[in-house]
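Written below as structure tokens is the structure these notes are about.
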Amino acid sequence: MKVHTTSQAELEVETIKLGMSNALTGPTSELGKELRKGAIVYFTRLNQHGGINGRQVELLSLDDGYEPEQTVINTKVFIEQGVLALFGYVGTPTSYAILPILKKSKIPYLMPFTGADFLRSPTHSNIFNLRASYYQELRTQIEYLISVHKYKKIALVIQADEFGLAAQRAVNKILQDKKLKVEITARYKRNSSDMKGVLLKLTTLPIEAVIFVGTYQPFIHLINLAHQQELDLLFTSLSFIGSHNLFSQIPATSKIMLSEVVPDPLQCKWQLCQQFKSDMRNAGYAKLNRVQLEGYLNAFVFSQVAMRCEKALARQCLLKQFEQFNYQDNNFDISFSKYNHQGLQKVYFSFSNAVKKRH
């Protein structure tokens with residue numbers, strides 16, 4: 001593989017190498033694997049049709065286990081390998097850990113699987129997000145809890161790291177604007193499913209709803225523990241938890257609402273969704289989900305932007321073209337600008353059957 005080097009900011013390549021660091025093992029591995037799966041299916045299609053202006057895309061993937069220290073190591077490896085951009089990372093604490101590298105190197109950091117505000121405000125010249133922010137998700141969740149269910153007694157359960165802290169700041173601000181406050185805040189350790197202490201804290205005051213900020217396995221464990229103690233609570237969580245396997249692993253009477261940043265691919269009317277379903281099934285995947293779709297969309301957006309750099313695909317051109325990229329597909333609108341580095345704004349919902357019956 002040949003790499004032509006001009007300067008770090010003007011890296012031009014024959015094969016387009018992207019670096020993806022996320023959890024391929026451990027409690028968050030399903031997110032990393034499914035996101036990667038969707039991206040690879042799109043890039044495979046793209047390469048079979050000539051790539052990007054004749055260049056093939058190579059997605060380099062390293063496992064960080066959702067541990068920030070490993071993400072830093074992987075990122076340094078990618079930069080040494082001369083990747084054009086960092087692409088499709090998963091996680092808020094992992095993204096936070098590499099911020100100093102991103103600021104120093106100015107390497108493009110494209111469409112990470114996180115809604116963290118520190119990647120959005122202030123606007124960073126080399127960071128572009130596709131998905132809606134966690135602030136938008138939490139605001140939509142709280143609007144739902146207050147307007148639909150008339151709930152006011154809300155608890156917050158957060159992962160004890162930058163992910164949880166960012167969400168805590170957002171929830172406190174949103175509730176304060178509504179003249180409310182969080183009744184209880186409970187924390188748990190990242191990559192842990194020890195929820196007994198959390199549940200005990202939730203029983204100290206009368207609570208109607210719990211906003212959970214964390215990962216898949218501890219969320220399921222908390223819901224099941226609450227069911228065992230016959231606690232009548234509505235649990236909400238962010239799109240960091242994939243809904244596709246969640247509802248089959250909780251009691252039928254549990255009330256769950258998840259915010260999402262892309263629609264259910266089986267119900268989606270976008271032309272890209274039809275292409276996604278066809279490509280995934282041709283690749284041998286029968287069970288389709290939102291995380292795969294997001295990975296596919298990430299790859300699509302990168303490719304569309306990169307194609308605009310016809311003469312020389314370099315970092316400076318790539319970042320410039322991101323700021324000018326707009327795309328419309330039925331109800332699907334992607335829009336970036338110099339002052340807006342987040343392409344999508346919409347938030348969707350997924351409900352368990354126990355909530356659907358009341359909704």
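Each chain of the structure tokens is named A, B, ... in the order shown, its residues numbered from 1; ligands are numbered from 1 in display order.
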
Considering only C-alpha atoms, return as a JSON list (two decimals) with C-alpha atoms, in the first residue's frame whatever protein or nucleic-acid residues lie within 12 Å of Val198 (chain A), sequence-local ones (same chain, fewer than 4 positions apart) excluded.
```json
[["chain", "number", "residue", "atom", "x", "y", "z"],
["A", 155, "ALA", "CA", -34.20, 9.90, 39.44],
["A", 156, "LEU", "CA", -30.92, 9.78, 37.52],
["A", 157, "VAL", "CA", -28.60, 6.75, 37.33],
["A", 158, "ILE", "CA", -25.27, 7.50, 35.69],
["A", 159, "GLN", "CA", -22.04, 5.80, 34.77],
["A", 160, "ALA", "CA", -19.32, 7.27, 37.00],
["A", 184, "ILE", "CA", -32.01, 11.07, 43.44],
["A", 185, "THR", "CA", -28.68, 10.70, 41.61],
["A", 186, "ALA", "CA", -26.97, 7.29, 41.79],
["A", 187, "ARG", "CA", -23.68, 6.27, 40.17],
["A", 188, "TYR", "CA", -22.09, 2.99, 39.14],
["A", 189, "LYS", "CA", -18.67, 1.96, 37.82],
["A", 193, "SER", "CA", -23.18, -4.43, 36.42],
["A", 194, "ASP", "CA", -23.32, -3.99, 40.20],
["A", 202, "LEU", "CA", -33.70, 4.48, 44.38],
["A", 203, "THR", "CA", -35.93, 3.16, 47.17],
["A", 204, "THR", "CA", -35.05, 5.98, 49.60],
["A", 210, "VAL", "CA", -35.51, 6.73, 36.20],
["A", 212, "PHE", "CA", -30.43, 5.79, 33.00],
["A", 218, "PRO", "CA", -26.15, -2.83, 33.78],
["A", 219, "PHE", "CA", -29.39, -1.34, 32.44],
["A", 221, "HIS", "CA", -29.68, -5.84, 35.43],
["A", 222, "LEU", "CA", -31.21, -2.77, 37.09],
["A", 223, "ILE", "CA", -34.57, -3.32, 35.38],
["A", 225, "LEU", "CA", -33.77, -6.13, 40.02],
["A", 226, "ALA", "CA", -36.49, -3.47, 40.11]]
```

All helix (DSSP H, G or I) residues (DSSP, backbone) inside region 58-183 of chain A, as a ChimeraX atom specification: /A:68-80,92-97,99-105,117-119,134-147,162-177

Can you write just those residues out, C-alpha atoms, as a short mmCIF file (atom, residue, chain, number, x, y, z; two decimals), in the first residue's frame?
```cif
data_model
loop_
_atom_site.label_atom_id
_atom_site.label_comp_id
_atom_site.auth_asym_id
_atom_site.auth_seq_id
_atom_site.Cartn_x
_atom_site.Cartn_y
_atom_site.Cartn_z
CA PRO A 68 -10.16 5.18 27.53
CA GLU A 69 -6.51 4.26 28.13
CA GLN A 70 -6.65 1.70 25.31
CA THR A 71 -8.42 4.18 23.03
CA VAL A 72 -5.47 6.55 23.43
CA ILE A 73 -3.03 3.75 22.51
CA ASN A 74 -5.11 2.72 19.47
CA THR A 75 -5.39 6.32 18.28
CA LYS A 76 -1.63 6.79 18.37
CA VAL A 77 -1.24 3.56 16.37
CA PHE A 78 -3.67 4.80 13.71
CA ILE A 79 -1.86 8.13 13.38
CA GLU A 80 1.46 6.30 12.99
CA THR A 92 -17.99 9.43 25.53
CA PRO A 93 -15.18 8.60 28.00
CA THR A 94 -13.10 7.18 25.15
CA SER A 95 -13.66 10.29 23.02
CA TYR A 96 -12.85 12.53 25.97
CA ALA A 97 -9.57 10.71 26.55
CA LEU A 99 -9.34 15.14 22.95
CA PRO A 100 -5.74 16.33 23.54
CA ILE A 101 -4.59 14.21 20.58
CA LEU A 102 -7.39 15.55 18.38
CA LYS A 103 -6.56 19.14 19.28
CA LYS A 104 -2.83 18.71 18.71
CA SER A 105 -2.89 16.59 15.55
CA ASP A 117 -21.63 18.10 23.98
CA PHE A 118 -17.85 18.59 24.32
CA LEU A 119 -17.57 17.27 20.75
CA TYR A 134 -27.35 13.57 24.21
CA TYR A 135 -28.73 16.93 25.28
CA GLN A 136 -31.35 16.66 22.51
CA GLU A 137 -32.13 13.08 23.52
CA LEU A 138 -32.46 13.94 27.21
CA ARG A 139 -34.59 17.00 26.51
CA THR A 140 -36.94 14.87 24.39
CA GLN A 141 -37.09 12.19 27.10
CA ILE A 142 -37.90 14.70 29.83
CA GLU A 143 -40.54 16.39 27.67
CA TYR A 144 -42.15 12.98 27.24
CA LEU A 145 -42.04 12.13 30.96
CA ILE A 146 -43.54 15.47 31.97
CA SER A 147 -46.07 16.08 29.19
CA GLU A 162 -17.35 11.74 31.73
CA PHE A 163 -20.36 10.10 30.04
CA GLY A 164 -22.37 10.26 33.24
CA LEU A 165 -21.17 13.73 34.19
CA ALA A 166 -22.08 15.18 30.80
CA ALA A 167 -25.58 13.71 31.06
CA GLN A 168 -25.94 14.90 34.65
CA ARG A 169 -25.18 18.48 33.62
CA ALA A 170 -27.71 18.26 30.81
CA VAL A 171 -30.49 16.73 32.92
CA ASN A 172 -30.00 19.26 35.73
CA LYS A 173 -30.23 22.16 33.28
CA ILE A 174 -33.30 20.81 31.47
CA LEU A 175 -35.17 20.13 34.72
CA GLN A 176 -34.13 23.48 36.19
CA ASP A 177 -35.67 25.22 33.17
#
```

Return the single residue from A:Ser352, A:Cys268, A:Ala286, A:Phe322 that is closest to Phe247 (chain A), with distances computed using only C-alpha atoms. A:Ser352

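Taking CA of Asn22 (chain A) and CA of Ser61 (chain A) as endpoints, the distance between them is 7.9 Å.
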
Please list as a JSON list (two decimals) with N, CA and C atoms, in the first residue's frame every residue within 10 Å of His124 (chain A), counting only C-alpha atoms and excluding residues in the same chain fewer than 6 positions away.
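In the end it all went to out_0.json:
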```
[["chain", "number", "residue", "atom", "x", "y", "z"],
["A", 102, "LEU", "N", -6.62, 14.94, 19.47],
["A", 102, "LEU", "CA", -7.39, 15.55, 18.38],
["A", 102, "LEU", "C", -7.03, 17.02, 18.22],
["A", 103, "LYS", "N", -6.88, 17.71, 19.34],
["A", 103, "LYS", "CA", -6.56, 19.14, 19.28],
["A", 103, "LYS", "C", -5.15, 19.38, 18.75],
["A", 106, "LYS", "N", -4.97, 17.65, 14.87],
["A", 106, "LYS", "CA", -5.97, 18.17, 13.92],
["A", 106, "LYS", "C", -6.46, 17.09, 12.96],
["A", 108, "PRO", "N", -8.94, 14.53, 11.36],
["A", 108, "PRO", "CA", -10.41, 14.48, 11.35],
["A", 108, "PRO", "C", -10.94, 13.38, 12.26],
["A", 109, "TYR", "N", -11.91, 13.74, 13.09],
["A", 109, "TYR", "CA", -12.58, 12.78, 13.99],
["A", 109, "TYR", "C", -14.03, 12.77, 13.56],
["A", 118, "PHE", "N", -19.22, 18.05, 24.47],
["A", 118, "PHE", "CA", -17.85, 18.59, 24.32],
["A", 118, "PHE", "C", -17.29, 18.34, 22.91],
["A", 338, "LYS", "N", -20.31, 25.73, 8.59],
["A", 338, "LYS", "CA", -19.10, 26.14, 9.30],
["A", 338, "LYS", "C", -19.32, 26.16, 10.81],
["A", 339, "TYR", "N", -20.53, 26.53, 11.21],
["A", 339, "TYR", "CA", -20.83, 26.66, 12.64],
["A", 339, "TYR", "C", -21.67, 25.52, 13.19],
["A", 340, "ASN", "N", -22.03, 24.56, 12.34],
["A", 340, "ASN", "CA", -22.80, 23.40, 12.77],
["A", 340, "ASN", "C", -22.11, 22.15, 12.26],
["A", 341, "HIS", "N", -21.46, 21.43, 13.16],
["A", 341, "HIS", "CA", -20.75, 20.21, 12.79],
["A", 341, "HIS", "C", -21.51, 18.96, 13.22]]
```

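Every protein or nucleic acid residue with an atom no more than 10 Å from Thr215 (chain A), counting only C-alpha atoms and leaving out same-chain residues fewer than 4 positions away, appears here: Pro27, Thr28, Leu31, Gly91, Ile158, Gln159, Arg190, Asn191, Ser192, Ser193, Phe219, Ile220, Ser237, Leu238, Ser239, Phe240, Ile241 and Gly242 of chain A.
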
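Candidate residues A:His149, A:Arg36, A:His244, A:Lys179 were compared for distance to Ala299 (chain A), and the nearest is A:Arg36, using only C-alpha atoms.
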
Selection near Lys33 (chain A), 12 Å with only C-alpha atoms, sequence-local residues under 6 positions removed, as a PyMOL selection string: chain A and resi 20-27+39-40+61-65+88-90+242+291-292+295
